[in-house]
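The file coords.cif contains mmCIF, C-alpha atoms and all ligand atoms:
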data_structure
#
loop_
_atom_site.label_atom_id
_atom_site.label_comp_id
_atom_site.auth_asym_id
_atom_site.auth_seq_id
_atom_site.Cartn_x
_atom_site.Cartn_y
_atom_site.Cartn_z
CA MET A 1 7.19 10.88 -12.83
CA ARG A 2 8.22 7.85 -10.72
CA ILE A 3 6.92 7.91 -7.17
CA ILE A 4 6.90 5.45 -4.29
CA VAL A 5 4.15 5.75 -1.67
CA LEU A 6 4.96 4.43 1.81
CA GLY A 7 2.49 4.17 4.67
CA GLY A 8 1.55 1.86 7.51
CA PRO A 9 -1.58 -0.27 7.84
CA GLY A 10 -4.67 1.94 7.88
CA ALA A 11 -2.77 5.06 6.74
CA GLY A 12 -4.66 5.29 3.44
CA LYS A 13 -1.60 4.60 1.31
CA GLY A 14 -3.48 2.85 -1.51
CA THR A 15 -6.08 5.60 -1.79
CA ARG A 16 -3.36 8.25 -1.94
CA ALA A 17 -1.34 6.28 -4.50
CA SER A 18 -4.37 6.14 -6.78
CA LEU A 19 -5.11 9.88 -6.35
CA VAL A 20 -1.49 10.75 -7.22
CA ALA A 21 -1.51 8.35 -10.20
CA GLU A 22 -4.67 9.94 -11.53
CA HIS A 23 -3.23 13.44 -11.03
CA PHE A 24 -0.04 12.69 -12.99
CA GLY A 25 -1.78 10.44 -15.54
CA VAL A 26 0.46 7.43 -14.84
CA PRO A 27 -0.43 3.87 -13.71
CA HIS A 28 -0.91 2.98 -10.05
CA ILE A 29 1.11 -0.19 -9.57
CA SER A 30 0.63 -2.38 -6.52
CA THR A 31 2.61 -5.57 -6.02
CA GLY A 32 -0.61 -7.34 -4.99
CA ASP A 33 -2.14 -6.54 -8.40
CA ILE A 34 1.02 -7.71 -10.20
CA PHE A 35 0.97 -11.05 -8.36
CA ARG A 36 -2.72 -11.56 -9.10
CA ALA A 37 -2.33 -10.68 -12.80
CA ASN A 38 0.63 -13.03 -13.27
CA LEU A 39 -1.03 -15.88 -11.41
CA LYS A 40 -4.18 -15.45 -13.48
CA ALA A 41 -2.29 -15.32 -16.78
CA GLY A 42 -0.11 -18.27 -15.72
CA THR A 43 3.13 -16.53 -16.74
CA GLN A 44 6.53 -18.11 -16.07
CA LEU A 45 7.21 -15.60 -13.28
CA GLY A 46 3.72 -16.10 -11.91
CA LEU A 47 4.19 -19.87 -11.75
CA GLU A 48 7.50 -19.40 -9.96
CA ALA A 49 5.89 -17.08 -7.40
CA LYS A 50 3.04 -19.55 -6.94
CA LYS A 51 5.47 -22.25 -5.78
CA TYR A 52 6.54 -20.08 -2.86
CA MET A 53 3.03 -18.92 -2.01
CA GLU A 54 1.67 -22.49 -2.01
CA ALA A 55 4.50 -23.54 0.31
CA GLY A 56 3.47 -20.71 2.62
CA GLN A 57 6.76 -18.88 2.01
CA LEU A 58 7.46 -15.27 1.16
CA VAL A 59 8.18 -14.66 -2.52
CA PRO A 60 11.94 -13.84 -2.66
CA ASP A 61 12.83 -10.20 -3.26
CA GLU A 62 14.69 -10.99 -6.51
CA LEU A 63 11.55 -12.60 -7.98
CA THR A 64 9.31 -9.75 -6.78
CA VAL A 65 11.66 -7.25 -8.44
CA LYS A 66 11.58 -9.28 -11.69
CA LEU A 67 7.77 -9.23 -11.63
CA LEU A 68 7.81 -5.50 -10.96
CA PHE A 69 10.19 -4.70 -13.83
CA ASP A 70 8.21 -6.92 -16.16
CA ARG A 71 5.23 -4.69 -15.36
CA VAL A 72 6.99 -1.30 -15.57
CA ALA A 73 8.52 -2.27 -18.93
CA GLN A 74 5.02 -2.09 -20.45
CA ASP A 75 4.07 0.83 -22.70
CA ASP A 76 1.73 2.53 -20.24
CA CYS A 77 4.64 3.02 -17.80
CA GLN A 78 6.85 4.97 -20.20
CA GLY A 79 5.81 8.26 -18.61
CA GLY A 80 6.32 6.92 -15.09
CA TYR A 81 4.33 5.11 -12.42
CA ILE A 82 3.28 5.18 -8.78
CA LEU A 83 4.51 2.23 -6.72
CA ASP A 84 2.25 1.10 -3.87
CA GLY A 85 3.44 -1.63 -1.50
CA PHE A 86 6.94 -1.80 -2.93
CA PRO A 87 9.66 -1.68 -1.73
CA ARG A 88 8.88 -3.16 1.68
CA THR A 89 12.42 -3.88 2.81
CA ILE A 90 15.85 -2.31 2.46
CA ASN A 91 16.96 -5.24 0.29
CA GLN A 92 14.08 -4.60 -2.14
CA ALA A 93 14.93 -0.89 -2.20
CA GLN A 94 18.55 -1.66 -3.08
CA LEU A 95 17.54 -4.11 -5.83
CA LEU A 96 15.09 -1.57 -7.21
CA GLU A 97 17.73 1.15 -7.21
CA SER A 98 20.34 -0.95 -9.01
CA GLU A 99 17.81 -1.91 -11.72
CA LEU A 100 16.77 1.71 -12.19
CA VAL A 101 20.42 2.80 -12.43
CA LYS A 102 20.89 0.28 -15.27
CA MET A 103 17.95 1.88 -17.05
CA GLY A 104 19.34 5.36 -16.43
CA VAL A 105 16.27 6.55 -14.51
CA ASN A 106 15.50 7.29 -10.88
CA ILE A 107 12.68 7.62 -8.38
CA ASP A 108 11.58 11.26 -8.23
CA TYR A 109 9.84 11.18 -4.87
CA VAL A 110 9.11 8.86 -2.00
CA ILE A 111 5.93 9.98 -0.28
CA ASN A 112 5.78 8.83 3.33
CA VAL A 113 2.17 9.06 4.55
CA GLU A 114 2.36 9.78 8.27
CA VAL A 115 -0.53 9.09 10.63
CA PRO A 116 0.00 8.87 14.41
CA ASP A 117 -0.37 5.25 15.58
CA GLN A 118 -3.03 6.27 18.06
CA ARG A 119 -5.20 7.67 15.22
CA ILE A 120 -4.79 4.49 13.19
CA ILE A 121 -5.85 2.38 16.16
CA GLU A 122 -8.89 4.63 16.68
CA ARG A 123 -9.88 4.47 13.02
CA MET A 124 -9.40 0.74 12.63
CA SER A 125 -11.07 -0.21 15.89
CA GLY A 126 -14.22 1.51 14.60
CA ARG A 127 -14.48 -0.88 11.67
CA ARG A 128 -17.25 -3.46 11.67
CA THR A 129 -18.04 -6.19 9.18
CA CYS A 130 -21.22 -8.12 8.47
CA SER A 131 -20.58 -11.73 9.48
CA ASP A 132 -23.02 -12.92 6.78
CA CYS A 133 -22.43 -10.84 3.64
CA GLY A 134 -19.08 -9.22 4.49
CA ILE A 135 -20.13 -5.59 3.92
CA PRO A 136 -17.80 -3.22 5.80
CA TYR A 137 -19.12 -0.53 8.16
CA HIS A 138 -17.54 1.99 10.50
CA ILE A 139 -19.17 3.07 13.76
CA GLU A 140 -18.26 6.71 13.06
CA TYR A 141 -18.00 7.11 9.25
CA ALA A 142 -20.42 4.46 7.96
CA PRO A 143 -22.67 3.21 10.75
CA THR A 144 -25.47 0.69 10.37
CA ALA A 145 -29.03 2.02 10.75
CA ALA A 146 -29.66 -0.30 13.71
CA GLU A 147 -26.74 -1.05 15.99
CA GLY A 148 -25.00 -4.35 15.21
CA VAL A 149 -27.40 -5.27 12.37
CA CYS A 150 -26.44 -5.28 8.66
CA ASP A 151 -28.50 -2.80 6.58
CA LYS A 152 -28.38 -5.10 3.55
CA CYS A 153 -29.00 -8.60 4.90
CA GLY A 154 -29.88 -8.26 8.58
CA GLY A 155 -26.80 -10.29 9.56
CA GLU A 156 -24.79 -9.66 12.70
CA VAL A 157 -22.23 -6.88 12.33
CA VAL A 158 -19.03 -7.60 14.27
CA MET A 159 -15.45 -6.43 14.77
CA ARG A 160 -13.02 -8.68 12.89
CA SER A 161 -9.99 -9.84 14.88
CA ASP A 162 -7.80 -8.06 12.26
CA ASP A 163 -9.25 -4.73 13.39
CA ALA A 164 -8.89 -5.33 17.14
CA PRO A 165 -6.58 -2.75 18.79
CA GLU A 166 -4.01 -5.36 19.93
CA THR A 167 -3.76 -6.79 16.38
CA VAL A 168 -3.44 -3.33 14.85
CA MET A 169 -0.73 -2.39 17.38
CA GLY A 170 1.22 -5.54 16.49
CA ARG A 171 1.02 -4.74 12.77
CA LEU A 172 2.15 -1.16 13.40
CA THR A 173 5.20 -2.39 15.34
CA VAL A 174 6.15 -4.73 12.49
CA TYR A 175 5.63 -1.91 10.01
CA HIS A 176 7.83 0.56 11.90
CA ASN A 177 10.60 -2.02 12.35
CA GLU A 178 10.58 -2.86 8.63
CA THR A 179 10.16 0.65 7.33
CA SER A 180 12.43 2.83 9.43
CA PRO A 181 15.57 1.69 7.56
CA LEU A 182 13.68 2.29 4.30
CA ILE A 183 12.85 5.83 5.37
CA GLU A 184 16.51 6.51 6.26
CA PHE A 185 17.58 5.05 2.91
CA TYR A 186 15.38 7.43 0.90
CA GLU A 187 16.17 10.34 3.19
CA SER A 188 19.85 9.85 2.37
CA ARG A 189 18.93 9.92 -1.36
CA GLY A 190 17.12 13.22 -0.85
CA SER A 191 13.86 11.88 -2.28
CA LEU A 192 11.83 11.42 0.92
CA LYS A 193 8.78 13.64 1.41
CA ASN A 194 6.81 13.30 4.64
CA VAL A 195 3.11 14.02 4.23
CA ASN A 196 0.53 14.42 6.96
CA GLY A 197 -1.94 11.58 6.42
CA ASP A 198 -4.27 12.55 9.25
CA VAL A 199 -6.49 14.69 7.00
CA GLU A 200 -9.87 14.33 5.31
CA ILE A 201 -9.66 12.29 2.12
CA GLU A 202 -10.88 15.29 0.03
CA ASP A 203 -7.75 17.17 1.15
CA ALA A 204 -5.29 14.27 0.76
CA LEU A 205 -4.11 15.13 -2.76
CA SER A 206 -3.58 18.84 -2.09
CA TYR A 207 -1.44 18.03 0.98
CA ILE A 208 0.72 15.76 -1.17
CA LEU A 209 1.07 18.23 -4.04
CA LYS A 210 2.06 20.99 -1.63
CA VAL A 211 4.93 18.85 -0.31
CA LEU A 212 6.10 17.96 -3.84
CA GLU A 213 6.34 21.59 -4.97
ZN ZN A 301 -24.86 -8.32 5.67
#

Any chance you could give the structure as structure tokens?
Ligand SMILES: [Zn+2]
Amino acid sequence: MRIIVLGGPGAGKGTRASLVAEHFGVPHISTGDIFRANLKAGTQLGLEAKKYMEAGQLVPDELTVKLLFDRVAQDDCQGGYILDGFPRTINQAQLLESELVKMGVNIDYVINVEVPDQRIIERMSGRRTCSDCGIPYHIEYAPTAAEGVCDKCGGEVVMRSDDAPETVMGRLTVYHNETSPLIEFYESRGSLKNVNGDVEIEDALSYILKVLE
């Protein structure tokens, strides 16, 4: 089972990818984890990627795809994998497809986690973070005992600029611009499955499995 999980910032893509991976008994592969592992191990590909990152540049798609295939060639991926955070662009999707064709395999499903932008802005603008110890809170789902005061260290609990509505809106716009061609691409391949992501986390997996049936 080879599945790609797509979803905007705050849509719960990573959580869903790990639930699906656990359900099918295959690894959950995120490009962030691959970069970290290769940098830590000092591999050839990792060192190459590091040059771009240190120069403040994006790692080229070709190199990202090489890193990805180096990972999925490992034994634990023989039965499939769940890709989280890849592909991000149409170019990456095309590179991925041509590599998979060479291997004689394909992506079974592309799960597109859909949450209305307004809901994402509501959820993210409720996030608060302790300015001293960094513990995350949420005014609705995980509030502090005393308003604005960290339960653990007594530090001041604030909204990070990343979670401010205008920042979140900007990130959503970038996401939609980047992803809409990707969604059309997988729709044309017949593998796209839209899943309602505006549900309680306990129900997330059953919503996905229903769509995959
Ligand atoms: Zn604290």

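Relative to atom CA of Thr15 of chain A, atom CA of Asp132 of chain A is found at 26.5 Å.
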
Counting only C-alpha atoms and all ligand atoms, the residue of A:Thr144, A:Thr179, A:Ser161, A:Thr173 that sits nearest ligand ZN 301 (chain A): A:Thr144

Point-to-point distance in Å for atom CA of Gly134 of chain A and atom CA of Arg88 of chain A: 28.7 Å

Test item: residues no farther than 12 Å from ligand ZN 301 (chain A), counting only C-alpha atoms and all ligand atoms, as JSON, numbers by chain: {"A": [128, 129, 130, 131, 132, 133, 134, 135, 136, 137, 144, 148, 149, 150, 151, 152, 153, 154, 155, 156, 157, 158]}

Serialized selection, C-alpha atoms, as an mmCIF file, in the frame of the given file:
data_model
loop_
_atom_site.group_PDB
_atom_site.id
_atom_site.type_symbol
_atom_site.label_atom_id
_atom_site.label_comp_id
_atom_site.auth_asym_id
_atom_site.auth_seq_id
_atom_site.Cartn_x
_atom_site.Cartn_y
_atom_site.Cartn_z
ATOM 1 C CA ARG A 128 -17.250 -3.460 11.670
ATOM 2 C CA THR A 129 -18.040 -6.190 9.180
ATOM 3 C CA CYS A 130 -21.220 -8.120 8.470
ATOM 4 C CA SER A 131 -20.580 -11.730 9.480
ATOM 5 C CA ASP A 132 -23.020 -12.920 6.780
ATOM 6 C CA CYS A 133 -22.430 -10.840 3.640
ATOM 7 C CA GLY A 134 -19.080 -9.220 4.490
ATOM 8 C CA ILE A 135 -20.130 -5.590 3.920
ATOM 9 C CA PRO A 136 -17.800 -3.220 5.800
ATOM 10 C CA TYR A 137 -19.120 -0.530 8.160
ATOM 11 C CA THR A 144 -25.470 0.690 10.370
ATOM 12 C CA GLY A 148 -25.000 -4.350 15.210
ATOM 13 C CA VAL A 149 -27.400 -5.270 12.370
ATOM 14 C CA CYS A 150 -26.440 -5.280 8.660
ATOM 15 C CA ASP A 151 -28.500 -2.800 6.580
ATOM 16 C CA LYS A 152 -28.380 -5.100 3.550
ATOM 17 C CA CYS A 153 -29.000 -8.600 4.900
ATOM 18 C CA GLY A 154 -29.880 -8.260 8.580
ATOM 19 C CA GLY A 155 -26.800 -10.290 9.560
ATOM 20 C CA GLU A 156 -24.790 -9.660 12.700
ATOM 21 C CA VAL A 157 -22.230 -6.880 12.330
ATOM 22 C CA VAL A 158 -19.030 -7.600 14.270
#

Write out as a PDB file with C-alpha atoms, in the frame of the given file each polymer residue whose atoms come within 8 Å of Gly12 of chain A, counting only C-alpha atoms; drop sequence neighbours fewer than 5 positions from it.
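Result written to result02.pdb:
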ATOM      1  CA  GLY A   7       2.490   4.170   4.670  1.00  0.00           C
ATOM      2  CA  VAL A 113       2.170   9.060   4.550  1.00  0.00           C
ATOM      3  CA  GLY A 197      -1.940  11.580   6.420  1.00  0.00           C
TER       4      GLY A 197
END

Residues within 10 Å of (16.0, -6.3, 0.2), counting all atoms listed in the file, listed as a PyMOL selection string: chain A and resi 60-62+65+87-96+182

Please report as a Markdown table every residue of segment 103-123 of chain A lying within 10 Å of segment 189-194 of chain A, along with the nearest atom pair and their distance in Å (one decimal), using all atoms listed in the file.
| residue | atom | partner | partner_atom | distance |
| --- | --- | --- | --- | --- |
| A:Asn106 | CA | A:Ser191 | CA | 9.9 |
| A:Ile107 | CA | A:Ser191 | CA | 7.5 |
| A:Asp108 | CA | A:Ser191 | CA | 6.4 |
| A:Tyr109 | CA | A:Ser191 | CA | 4.8 |
| A:Val110 | CA | A:Leu192 | CA | 4.7 |
| A:Ile111 | CA | A:Lys193 | CA | 4.9 |
| A:Asn112 | CA | A:Asn194 | CA | 4.8 |
| A:Val113 | CA | A:Asn194 | CA | 6.3 |
| A:Glu114 | CA | A:Asn194 | CA | 6.7 |

Who sits within 6 Å of segment 75-84 of chain A, only C-alpha atoms, same chain under 5 positions skipped, as a ChimeraX atom specification: /A:1-5,21,26-30

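Here atom CA of Ala145 of chain A stands at a distance of 24.9 Å from atom CA of Glu202 of chain A.
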
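Here the question is which of A:Asp70, A:Met169, A:Tyr52, A:Asn196 gets nearest to Asn38 of chain A using only C-alpha atoms, and that residue is A:Asp70.
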